[in-house]
Structures are given as structure tokens and as C-alpha cells.
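Enquirer: What follows is final28.txt, compact mmCIF, C-alpha atoms.
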```
# COMPACT_ATOMS: atom_id res chain seq x y z
CA MET A 9 26.69 15.71 12.19
CA SER A 10 28.87 18.50 10.91
CA LEU A 11 29.14 22.00 12.26
CA ALA A 12 29.32 25.20 10.29
CA LYS A 13 29.45 28.81 11.38
CA VAL A 14 27.05 31.57 10.46
CA ASN A 15 27.85 35.02 11.77
CA GLY A 16 30.33 33.44 14.06
CA ILE A 17 27.80 31.07 15.62
CA ALA A 18 28.13 27.34 15.19
CA ILE A 19 25.08 25.64 13.68
CA ALA A 20 24.27 22.02 13.06
CA ASP A 21 23.98 20.60 9.59
CA ILE A 22 22.25 17.31 10.15
CA ALA A 23 21.31 14.99 7.31
CA LYS A 24 20.13 11.53 8.15
CA ILE A 25 17.26 9.49 6.82
CA ASN A 26 14.96 6.72 8.07
CA GLY A 27 13.99 7.63 11.53
CA ILE A 28 16.71 10.07 12.29
CA ALA A 29 16.81 13.83 12.20
CA LYS A 30 17.12 15.70 8.95
CA ALA A 31 17.81 19.41 9.03
CA ASP A 32 16.13 21.93 6.80
CA MET A 33 18.26 25.06 6.93
CA SER A 34 16.69 28.26 5.77
CA LYS A 35 16.89 31.97 6.44
CA PHE A 36 14.14 34.15 7.88
CA ASN A 37 14.71 37.91 8.04
CA GLY A 38 18.40 37.29 7.69
CA ILE A 39 18.56 34.89 10.64
CA THR A 40 19.46 31.30 9.99
CA VAL A 41 16.93 28.89 11.50
CA SER A 42 16.70 25.15 11.42
CA ALA A 43 13.58 23.00 11.36
CA VAL A 44 14.53 19.54 12.48
CA GLU A 45 12.58 16.83 10.71
CA THR A 46 12.18 13.46 12.37
CA THR A 47 10.68 10.30 10.95
CA LEU A 48 8.43 8.86 13.65
CA ALA A 49 7.64 5.68 11.74
CA SER A 50 8.36 4.25 8.32
CA LEU A 51 7.66 1.15 6.28
CA HIS A 52 10.27 0.58 3.61
CA VAL A 53 8.71 -2.43 1.94
CA ASP A 54 11.83 -3.24 -0.06
CA ASP A 55 13.44 -4.29 3.22
CA LEU A 56 10.92 -7.06 3.90
CA THR A 57 11.80 -10.69 3.38
CA ILE A 58 9.48 -12.71 1.20
CA VAL A 59 9.68 -16.43 1.90
CA ASP A 60 6.39 -18.12 1.19
CA GLY A 61 7.67 -21.43 -0.06
CA ARG A 62 5.39 -21.43 -3.05
CA SER A 63 6.87 -21.93 -6.44
CA GLY A 64 6.88 -18.92 -8.67
CA SER A 65 5.26 -16.55 -6.21
CA ASN A 66 6.99 -13.51 -4.76
CA HIS A 67 4.12 -12.69 -2.42
CA ALA A 68 3.62 -13.22 1.29
CA ASN A 69 1.08 -12.51 3.94
CA TYR A 70 2.74 -14.13 6.93
CA ASP A 71 3.20 -11.99 10.01
CA SER A 72 6.59 -13.54 10.69
CA TYR A 73 8.01 -11.69 7.70
CA PHE A 74 6.48 -8.35 8.66
CA PRO A 75 8.16 -5.70 10.87
CA ALA A 76 7.48 -6.51 14.50
CA ASN A 77 6.31 -3.02 15.41
CA TRP A 78 3.87 -2.75 12.50
CA LYS A 79 0.73 -4.84 12.31
CA LYS A 80 -1.59 -6.02 9.57
CA SER A 81 -4.69 -8.13 9.57
CA GLY A 82 -5.01 -10.96 7.13
CA LYS A 83 -3.33 -14.31 7.45
CA SER A 84 -3.07 -14.73 11.16
CA ALA A 85 -5.63 -14.62 13.93
CA ASP A 86 -2.87 -13.52 16.29
CA TRP A 87 -3.86 -9.91 15.68
CA ASN A 88 -7.58 -9.38 15.54
CA PRO A 89 -8.13 -5.62 15.85
CA THR A 90 -11.40 -3.72 16.06
CA ILE A 91 -12.43 -1.54 13.13
CA TYR A 92 -15.45 0.08 14.81
CA GLY A 93 -17.94 -0.92 17.49
CA SER A 94 -17.53 -4.65 17.93
CA THR A 95 -16.61 -5.25 14.28
CA LYS A 96 -13.24 -6.91 13.89
CA ALA A 97 -10.88 -6.88 10.94
CA TYR A 98 -11.29 -9.91 8.74
CA SER A 99 -8.79 -12.69 9.38
CA PHE A 100 -8.03 -15.73 7.30
CA SER A 101 -7.44 -19.18 8.67
CA GLY A 102 -5.74 -22.18 7.18
CA THR A 103 -2.72 -22.27 4.94
CA SER A 104 -4.12 -22.54 1.44
CA TYR A 105 -5.00 -19.40 -0.49
CA SER A 106 -4.76 -17.05 2.44
CA TYR A 107 -1.11 -16.22 1.93
CA GLN A 108 -2.07 -13.87 -0.86
CA ARG A 109 -5.27 -12.30 0.44
CA GLY A 110 -5.97 -9.24 2.59
CA TRP A 111 -2.78 -7.23 3.20
CA VAL A 112 0.05 -8.86 1.26
CA PHE A 113 3.56 -7.78 0.38
CA GLY A 114 5.20 -8.84 -2.82
CA THR A 115 6.84 -8.00 -6.11
CA GLY A 116 5.71 -8.06 -9.70
CA GLY A 117 2.00 -8.00 -10.45
CA THR A 118 -0.87 -8.87 -8.14
CA PRO A 119 -2.53 -12.19 -9.03
CA SER A 120 -5.84 -11.02 -10.49
CA SER A 121 -6.13 -9.71 -14.01
CA GLY A 122 -7.41 -6.21 -14.63
CA THR A 123 -6.49 -4.74 -11.25
CA GLY A 124 -3.49 -3.93 -9.09
CA ALA A 125 -0.03 -2.70 -9.93
CA THR A 126 2.59 -4.55 -11.92
CA GLY A 127 5.26 -3.81 -9.34
CA GLY A 128 6.57 -1.61 -6.56
CA MET A 129 8.16 1.82 -6.64
CA VAL A 130 11.71 2.37 -7.77
CA GLY A 131 12.19 5.14 -5.21
CA ASP A 132 12.55 4.71 -1.48
CA LEU A 133 11.15 6.61 1.52
CA ASP A 134 12.47 9.90 0.21
CA ALA A 135 11.16 9.32 -3.33
CA THR A 136 9.92 12.29 -5.34
CA SER A 137 8.57 10.19 -8.21
CA GLY A 138 6.06 7.36 -8.27
CA VAL A 139 7.66 5.50 -11.13
CA GLY A 140 7.68 1.76 -10.56
CA ALA A 141 9.37 -1.41 -11.75
CA THR A 142 8.50 -5.08 -12.06
CA SER A 143 11.78 -6.26 -10.56
CA THR A 144 11.89 -8.50 -7.49
CA ALA A 145 13.92 -5.75 -5.85
CA ASN A 146 10.93 -3.38 -5.87
CA LYS A 147 8.53 -4.69 -3.23
CA TYR A 148 5.24 -3.13 -2.21
CA ILE A 149 2.34 -3.90 0.11
CA TYR A 150 -1.14 -4.35 -1.27
CA TYR A 151 -4.70 -5.21 -0.47
CA GLU A 152 -5.48 -8.29 -2.53
CA ALA A 153 -9.20 -8.04 -3.06
CA SER A 154 -9.87 -11.48 -4.49
CA SER A 155 -12.18 -13.85 -2.71
CA PRO A 156 -12.56 -14.17 0.19
CA SER A 157 -11.15 -10.71 0.97
CA TYR A 158 -14.09 -8.74 -0.33
CA SER A 159 -17.68 -9.01 0.71
CA GLY A 160 -19.56 -5.82 0.08
CA SER A 161 -18.55 -3.44 2.84
CA THR A 162 -18.64 -6.06 5.58
CA ARG A 163 -15.02 -7.21 5.47
CA GLY A 164 -12.29 -4.73 6.26
CA HIS A 165 -8.57 -5.23 6.67
CA LEU A 166 -6.32 -3.05 8.82
CA LEU A 167 -2.69 -1.98 8.61
CA ARG A 168 -1.25 -0.28 11.71
CA THR A 169 1.85 1.80 12.43
CA PRO A 170 4.08 1.43 15.47
CA VAL A 171 3.23 3.58 18.49
CA MET A 172 4.27 7.22 18.08
CA ASP A 173 4.67 10.11 20.51
CA PHE A 174 3.11 13.34 19.21
CA THR A 175 4.10 15.55 22.13
CA GLY A 176 6.51 18.42 21.63
CA VAL A 177 6.38 18.50 17.85
CA GLY A 178 5.32 21.27 15.48
CA THR A 179 3.87 19.50 12.49
CA ILE A 180 3.03 15.88 11.81
CA THR A 181 2.49 14.41 8.35
CA LEU A 182 1.57 10.94 7.18
CA GLN A 183 2.82 10.23 3.68
CA PHE A 184 2.50 7.20 1.47
CA TRP A 185 2.34 6.33 -2.21
CA ILE A 186 -0.67 4.58 -3.69
CA HIS A 187 -1.69 2.74 -6.83
CA ALA A 188 -5.44 2.18 -7.09
CA TYR A 189 -6.77 0.68 -10.27
CA GLY A 190 -9.91 -1.39 -10.61
CA ILE A 191 -11.07 -3.24 -13.66
CA SER A 192 -13.35 -1.22 -15.93
CA GLY A 193 -16.90 -2.03 -16.88
CA GLY A 194 -18.85 -1.64 -13.69
CA THR A 195 -19.38 0.21 -10.45
CA ASN A 196 -17.62 -0.35 -7.14
CA ARG A 197 -14.56 -1.67 -8.93
CA VAL A 198 -12.11 0.35 -6.87
CA GLY A 199 -11.39 -0.37 -3.25
CA ASN A 200 -11.87 2.04 -0.38
CA LEU A 201 -9.03 3.28 1.78
CA ARG A 202 -9.55 5.19 5.02
CA ILE A 203 -7.34 6.47 7.84
CA ALA A 204 -7.91 6.47 11.61
CA LEU A 205 -5.85 7.77 14.54
CA THR A 206 -6.35 6.22 17.98
CA ASP A 207 -4.45 5.54 21.20
CA SER A 208 -5.15 1.80 21.11
CA ALA A 209 -2.82 -0.83 19.67
CA ASP A 210 -5.81 -2.98 18.75
CA SER A 211 -8.61 -0.64 17.81
CA ALA A 212 -9.36 1.90 15.09
CA SER A 213 -12.76 2.58 16.62
CA SER A 214 -14.12 5.97 17.62
CA ALA A 215 -14.24 4.54 21.14
CA ASP A 216 -10.45 4.86 21.20
CA GLU A 217 -10.00 7.95 19.04
CA ILE A 218 -7.42 10.63 19.87
CA ALA A 219 -9.82 13.47 19.16
CA SER A 220 -13.33 13.83 17.87
CA GLY A 221 -13.67 12.20 14.48
CA THR A 222 -10.31 10.43 14.27
CA GLY A 223 -11.73 6.95 14.83
CA PHE A 224 -14.10 4.92 12.69
CA THR A 225 -17.79 4.85 13.49
CA SER A 226 -18.60 2.43 10.69
CA MET A 227 -16.81 0.86 7.74
CA SER A 228 -17.48 3.98 5.70
CA ALA A 229 -17.65 6.77 8.29
CA GLY A 230 -15.29 8.51 10.68
CA GLY A 231 -11.54 8.79 10.44
CA LEU A 232 -9.20 11.33 8.92
CA THR A 233 -9.25 13.25 5.68
CA LEU A 234 -6.80 12.38 2.96
CA ASN A 235 -5.51 15.35 1.07
CA GLY A 236 -2.71 16.46 -1.15
CA CYS A 237 -2.81 13.41 -3.34
CA VAL A 238 -0.57 14.20 -6.27
CA TYR A 239 -2.62 12.98 -9.15
CA GLU A 240 -0.24 13.56 -11.99
CA GLU A 241 3.39 12.57 -11.95
CA ASP A 242 4.55 16.14 -12.36
CA GLY A 243 2.30 17.36 -9.55
CA SER A 244 0.16 19.39 -11.93
CA GLN A 245 -3.09 18.07 -10.53
CA THR A 246 -4.20 17.38 -7.01
CA TYR A 247 -6.83 14.91 -6.00
CA THR A 248 -9.62 16.55 -4.06
CA SER A 249 -13.06 15.31 -3.24
CA ALA A 250 -15.99 16.07 -1.02
CA ASN A 251 -15.47 12.60 0.35
CA PRO A 252 -11.75 12.16 -0.01
CA THR A 253 -11.50 9.27 2.39
CA ALA A 254 -13.00 7.06 -0.29
CA ILE A 255 -10.37 6.53 -2.93
CA SER A 256 -11.49 6.80 -6.50
CA GLN A 257 -9.73 5.31 -9.45
CA LEU A 258 -6.43 7.12 -9.13
CA ASN A 259 -4.73 5.34 -11.96
CA ASN A 260 -7.60 5.95 -14.30
CA ALA A 261 -5.29 6.74 -17.15
CA GLY A 262 -5.89 3.08 -17.67
CA SER A 263 -2.79 1.41 -16.54
CA GLN A 264 -1.68 -1.18 -14.09
CA ASP A 265 1.76 -0.76 -15.61
CA VAL A 266 3.89 1.07 -13.05
CA THR A 267 6.58 1.78 -15.62
CA THR A 268 4.35 4.13 -17.61
CA ALA A 269 2.94 7.48 -16.48
CA GLY A 270 -0.66 6.32 -16.19
CA GLY A 271 0.37 3.62 -13.77
CA TYR A 272 2.82 5.51 -11.57
CA TYR A 273 2.18 5.51 -7.83
CA ARG A 274 0.54 8.70 -6.49
CA ARG A 275 1.74 10.45 -3.36
CA VAL A 276 -0.77 11.01 -0.54
CA THR A 277 -0.18 13.28 2.44
CA VAL A 278 -2.33 13.58 5.53
CA ASP A 279 -1.73 16.52 7.89
CA LEU A 280 -1.93 15.29 11.48
CA SER A 281 -0.71 18.50 13.08
CA ASP A 282 -4.08 19.14 14.73
CA TYR A 283 -3.41 16.11 16.92
CA LYS A 284 -0.01 17.07 18.30
CA SER A 285 0.43 17.19 22.08
CA ILE A 286 -2.87 15.41 22.69
CA SER A 287 -1.37 12.05 23.47
CA SER A 288 2.02 10.39 23.73
CA THR A 289 0.44 7.16 22.47
CA ASN A 290 -0.70 7.30 18.86
CA TYR A 291 -1.39 4.61 16.28
CA ILE A 292 -2.38 5.25 12.67
CA TYR A 293 -4.65 2.69 11.02
CA ILE A 294 -5.14 2.21 7.29
CA LEU A 295 -8.40 0.44 6.51
CA VAL A 296 -9.26 -1.14 3.17
CA TYR A 297 -12.46 -2.80 2.01
CA SER A 298 -14.14 -3.35 -1.31
CA ALA A 299 -17.16 -4.73 -3.05
CA HIS A 300 -15.42 -6.43 -5.94
CA TRP A 301 -12.55 -8.82 -6.51
CA ALA A 302 -10.89 -6.37 -8.93
CA SER A 303 -10.25 -3.69 -6.30
CA ASP A 304 -6.60 -4.16 -5.43
CA ILE A 305 -4.92 -1.19 -3.73
CA CYS A 306 -1.12 -1.03 -3.62
CA LEU A 307 0.98 1.08 -1.23
CA ASP A 308 4.68 1.81 -0.93
CA ASN A 309 7.04 3.89 1.19
CA ILE A 310 4.83 4.78 4.15
CA LYS A 311 6.21 7.24 6.69
CA VAL A 312 5.16 9.64 9.43
CA ILE A 313 7.25 12.79 9.71
CA ALA A 314 7.37 15.37 12.49
CA SER A 315 9.15 18.68 12.58
CA MET B 2 9.24 -10.38 -30.09
CA ASN B 3 11.60 -12.53 -28.08
CA CYS B 4 11.72 -13.43 -24.41
CA PRO B 5 14.02 -11.10 -22.46
CA GLU B 6 14.87 -13.97 -20.12
CA CYS B 7 15.92 -16.72 -22.55
CA GLY B 8 15.67 -15.26 -26.05
CA ASN B 9 13.02 -17.65 -27.38
CA GLU B 10 10.11 -16.27 -29.38
CA LEU B 11 7.14 -15.18 -27.27
CA LEU B 12 3.82 -16.90 -28.01
CA ASN B 13 0.27 -15.59 -27.78
CA GLY B 14 -1.81 -16.89 -24.90
CA GLN B 15 -4.14 -15.95 -22.08
CA TYR B 16 -3.76 -15.31 -18.36
CA VAL B 17 -6.70 -17.06 -16.72
CA CYS B 18 -8.12 -17.35 -13.21
CA THR B 19 -9.37 -20.87 -12.53
CA ASP B 20 -10.90 -22.27 -9.36
CA THR B 21 -7.49 -23.49 -8.21
CA ASP B 22 -4.91 -21.10 -9.60
CA TYR B 23 -3.94 -18.28 -11.91
CA GLU B 24 -2.34 -19.74 -15.00
CA VAL B 25 -1.14 -19.03 -18.50
CA GLN B 26 -2.90 -20.97 -21.21
CA ASP B 27 -2.19 -21.30 -24.91
CA LEU B 28 -4.77 -20.13 -27.42
CA GLY B 29 -6.31 -23.61 -27.35
CA GLY B 30 -7.13 -23.24 -23.66
CA ASN B 31 -4.43 -25.66 -22.56
CA LYS B 32 -2.54 -24.86 -19.38
CA VAL B 33 1.08 -23.93 -20.03
CA PHE B 34 2.19 -23.07 -16.50
CA THR B 35 0.86 -21.92 -13.13
CA VAL B 36 1.55 -18.34 -12.08
CA TYR B 37 -0.01 -18.40 -8.60
CA GLU B 38 -1.54 -21.25 -6.67
CA SER B 39 -4.70 -19.96 -5.07
CA HIS B 40 -7.06 -22.59 -3.82
CA GLY B 41 -10.50 -21.52 -2.76
CA ILE B 42 -11.27 -18.75 -5.23
CA ASP B 43 -14.96 -18.32 -5.79
CA GLY B 44 -17.28 -15.78 -7.30
CA ASP B 45 -17.17 -14.19 -10.70
CA GLU B 46 -13.41 -13.83 -10.83
CA ILE B 47 -13.15 -17.43 -11.98
CA SER B 48 -12.68 -17.56 -15.75
CA SER B 49 -11.61 -13.91 -15.92
CA LYS B 50 -8.79 -13.58 -18.40
CA HIS B 51 -6.64 -11.27 -20.46
CA GLU B 52 -4.29 -11.70 -23.37
CA VAL B 53 -0.60 -12.18 -22.75
CA LYS B 54 2.55 -13.17 -24.53
CA TYR B 55 4.46 -15.98 -22.89
CA CYS B 56 7.54 -18.12 -23.11
CA SER B 57 8.14 -21.73 -22.16
CA CYS B 58 10.57 -20.49 -19.52
CA LYS B 59 7.48 -19.13 -17.66
CA TYR B 60 8.05 -15.50 -18.54
CA TYR B 61 4.90 -13.66 -19.55
CA ILE B 62 3.96 -10.11 -20.25
```
Mind turning the file's structure into C-alpha cells?
Expert:
Amino acid sequence: MSLAKVNGIAIADIAKINGIAKADMSKFNGITVSAVETTLASLHVDDLTIVDGRSGSNHANYDSYFPANWKKSGKSADWNPTIYGSTKAYSFSGTSYSYQRGWVFGTGGTPSSGTGATGGMVGDLDATSGVGATSTANKYIYYEASSPSYSGSTRGHLLRTPVMDFTGVGTITLQFWIHAYGISGGTNRVGNLRIALTDSADSASSADEIASGTGFTSMSAGGLTLNGCVYEEDGSQTYTSANPTAISQLNNAGSQDVTTAGGYYRRVTVDLSDYKSISSTNYIYILVYSAHWASDICLDNIKVIAS
Amino acid sequence: MNCPECGNELLNGQYVCTDTDYEVQDLGGNKVFTVYESHGIDGDEISSKHEVKYCSCKYYI
């Protein structure tokens, strides 16, 4: 932290990233004010270690390589969260194909042809561009839709943030970058992504919701609204929909290739400010499900910011 | 077009999902190398394919 003086008064000029305060200095009616920005949670996928022991594959599902305070359903039955009612997230057993199904983190392309990204983002948590790369240095997390992940709308998979305290903050924003491309030639070829906010470490259900409507009441109902999805790389278009919690084909310029504009990751923001000061115990859940094997959804650089 | 990894000429082939793995095949349908092992795939993904260029060093694009 460095100190500067304005009109004889010392002010803080703070600039730290990844979980630590970041100052936004501005002037209002001639008076210098500071809005302190804090990252409540972040998932920098490039930091994850991929050791799956399988020749030629830079992909992993194993919980032991995932941040301890984040959770994902998929490989292990150790975490078996509730999506809604008594419906649990789908878990794989055994050690064969399951390392690359459900929520997976990896580099390069996803296994199936005709869906998924060809790599992760070049930028990090503070990225302003969704340009990607195929390098093993550019990791990302994705929902691998291939069998047995998908099954109509009956199998969902959850990704969960660490616990966060929303008391005493002004604004709260969830931000992540997404690549959603499903193979052409049919309906239901793009996966669904939905967001819930609850006070339970093991449930995204409306029974545990923070406020009315923040939890899931079914696989396709309840939860939060996604908005502010930057559709074009230059921000010239914004994704809006009457049902924005169901992701459409964002990368419909026809590209899995993250190195070209049609395949760049798109930034999504979700304003959570309505839920400040309700609870000191908050978990955000990201649910994915699909009705086709070619419905991979890729995410990168997830963070929750308060100011 | 040459391989950016080893410099050899890239060949035409196909990326194919089989019931045991994802693999690169030559134009005669012969397996050249495995890309991902993935036992247990079922459904209509099996036999899905797209054209690729590949190298004997296992690079493909």
C-alpha cells in the first residue's frame, strides 16, 4: 500500500489482485473517494495441477487436484450435493472413463468432435478479452457432456464456490467467462447452465435458498438470472433473453477455435447485490445439464467481487 | 503444410469416436494413434468424426 496526499489529506492507493483489495480512485463533486474492491472467491484454473496418469491426456476430474474450498460433482461420490428436492447431482463411479466426464479441467480441446473449446483463455482473472489458446499453460474447466454425463434433463452436475460473507458490502458481482458451442444439425445441442445462491454447502435447492427464487425448484426452474453476457469480443452486443438462465449457442459464429473471434470466450456477469447483508454464509452453485453428447460448456476465470 | 512440432508433412485423416477411445485414423480407416482413452462411451456419439490433418508424432489439427 502506498499513500498519497490530496488536499493535504493522506489517501490509500491500494492495488492488489486475487482476493485482496483493489482501490478504484475517482472524484465526485471535487472530493476524492475510494471504492474498495475485494475478491470474495476466485477460480484461476491455470493454477490447477493436472495429473491423471493417462497418456496423451491433459484432462482431469479428480477432486484431489481441485481447490479444497471449491467443490464439483463428477468423479467422486465424496461430494453428493442436492440440486433440488431430493435430486442429487450425478456422480460417476469407477476409474475408467469417468476422469473426463461431468466437470473436468484440462487443456487443449475437449474429447468429442463438434463441441467444446479448443483451449482455455490466455487472460487471467482480470482479463478483458476472451481470446484463448491451445497451449497446456491455458487451462479451463468444462462440462464434458459425453455419455454418461447427459441424459435428457435428468442428470445435472454442480460446481460450487467457497463460502462467502455478504454482510457489510455494497455491491456483489459474479463474473466468469464461457464458451458454449454445440454441434449443428439438431435441437438441444447446447447445454444448459444455471446459477443458484444458497446458505448450504451441499444443496442448491430452494429449500436452502438465501432469498425467494435463488435456489432451484427443478432442473430447469429457479435460481438467478444471468445478464451482461458480452456476446461480441468488442462488447458491441449483449446477450439478453426472456429466459437467460438457459444458455443458447454463444459461440454460434461457428467456432470451437478459441484463437479466432467466433470462438473467443464470452464474459458473463451476475449482479448479486440484492442479496447483500442477508446472510454471512453464502454459496454459489453453477449447474449444468444437457440432452445431447455434443453440449460441452467451458468456463474460465471465475470470481466473485464485492465493493 | 508441415507439422509445427517436428516439421514432417501433415497427412489427411479423421478424428473418430469409437466405443473405447477417441482416435485419429488415416483415410483408410486405420487407427494411427489414440487421443483420449474413454471406455464406456455409448449412444450416437460413437462413430462421430471430423476431418483432421495429423503427423506421426501425434500432433493433429
Enquirer: Find the residues around B:Met2 up to 12 Å (only C-alpha atoms counted), leave out those fewer than 5 positions away in its own chain, and share them as a list in words.
Expert: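 Answer for this query is Cys7, Gly8, Asn9, Glu10, Leu11, Leu12, Asn13, Lys54, Tyr55, Cys56, Tyr61 and Ile62 of chain B.
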Enquirer: Select, from A:Ile186, A:Leu133, A:Ala68, A:Val276, the residue with the minimum atom-to-atom distance to chain B, counting only C-alpha atoms.
Expert: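 The answer is A:Ala68, which sits nearest to chain B.
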Enquirer: Residues of chain B within 10 Å of chain A, using only C-alpha atoms, as a list of chain:residue names?
Expert: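 Every residue of chain B that passes the 10 Å test is in B:Tyr16, B:Val17, B:Cys18, B:Thr21, B:Asp22, B:Tyr23, B:Glu24, B:Thr35, B:Val36, B:Tyr37, B:Glu38, B:Ser39, B:His40, B:Gly41, B:Ile42, B:Asp43, B:Gly44, B:Asp45, B:Glu46, B:Ile47, B:Ser49, B:Lys50, B:His51, B:Glu52, B:Lys59.
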Enquirer: Output the selection as a PDB file, in the frame of the given file - C-alpha atoms for each residue.
Expert:
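Dumped to selection34.pdb:
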```pdb
ATOM      1  CA  TYR B  16      -3.760 -15.310 -18.360  1.00  0.00           C
ATOM      2  CA  VAL B  17      -6.700 -17.060 -16.720  1.00  0.00           C
ATOM      3  CA  CYS B  18      -8.120 -17.350 -13.210  1.00  0.00           C
ATOM      4  CA  THR B  21      -7.490 -23.490  -8.210  1.00  0.00           C
ATOM      5  CA  ASP B  22      -4.910 -21.100  -9.600  1.00  0.00           C
ATOM      6  CA  TYR B  23      -3.940 -18.280 -11.910  1.00  0.00           C
ATOM      7  CA  GLU B  24      -2.340 -19.740 -15.000  1.00  0.00           C
ATOM      8  CA  THR B  35       0.860 -21.920 -13.130  1.00  0.00           C
ATOM      9  CA  VAL B  36       1.550 -18.340 -12.080  1.00  0.00           C
ATOM     10  CA  TYR B  37      -0.010 -18.400  -8.600  1.00  0.00           C
ATOM     11  CA  GLU B  38      -1.540 -21.250  -6.670  1.00  0.00           C
ATOM     12  CA  SER B  39      -4.700 -19.960  -5.070  1.00  0.00           C
ATOM     13  CA  HIS B  40      -7.060 -22.590  -3.820  1.00  0.00           C
ATOM     14  CA  GLY B  41     -10.500 -21.520  -2.760  1.00  0.00           C
ATOM     15  CA  ILE B  42     -11.270 -18.750  -5.230  1.00  0.00           C
ATOM     16  CA  ASP B  43     -14.960 -18.320  -5.790  1.00  0.00           C
ATOM     17  CA  GLY B  44     -17.280 -15.780  -7.300  1.00  0.00           C
ATOM     18  CA  ASP B  45     -17.170 -14.190 -10.700  1.00  0.00           C
ATOM     19  CA  GLU B  46     -13.410 -13.830 -10.830  1.00  0.00           C
ATOM     20  CA  ILE B  47     -13.150 -17.430 -11.980  1.00  0.00           C
ATOM     21  CA  SER B  49     -11.610 -13.910 -15.920  1.00  0.00           C
ATOM     22  CA  LYS B  50      -8.790 -13.580 -18.400  1.00  0.00           C
ATOM     23  CA  HIS B  51      -6.640 -11.270 -20.460  1.00  0.00           C
ATOM     24  CA  GLU B  52      -4.290 -11.700 -23.370  1.00  0.00           C
ATOM     25  CA  LYS B  59       7.480 -19.130 -17.660  1.00  0.00           C
TER      26      LYS B  59
END
```
Enquirer: Near A:Ala145, counting all atoms listed in the file, which residues have an atom at most 10 Å away, once you skip same-chain residues fewer than 6 positions from it, shown as number ranges by chain?
Expert: A: 53-55, 114-116, 127-130
Enquirer: Kindly give the distance, in Å, that separates atom CA of A:Thr144 and atom CA of A:Gly117, rounded to a single decimal.
Expert: 10.3 Å
Enquirer: In Å, rounded to a single decimal, give me how far atom CA of A:Asn69 is from atom CA of A:Ser159.
Expert: 19.4 Å
Enquirer: If you measure from atom CA of A:Ser285 to atom CA of A:Lys79, what distance in Å do you get, rounded to one decimal?
Expert: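 We find that atom CA of A:Ser285 and atom CA of A:Lys79 lie 24.1 Å from each other.
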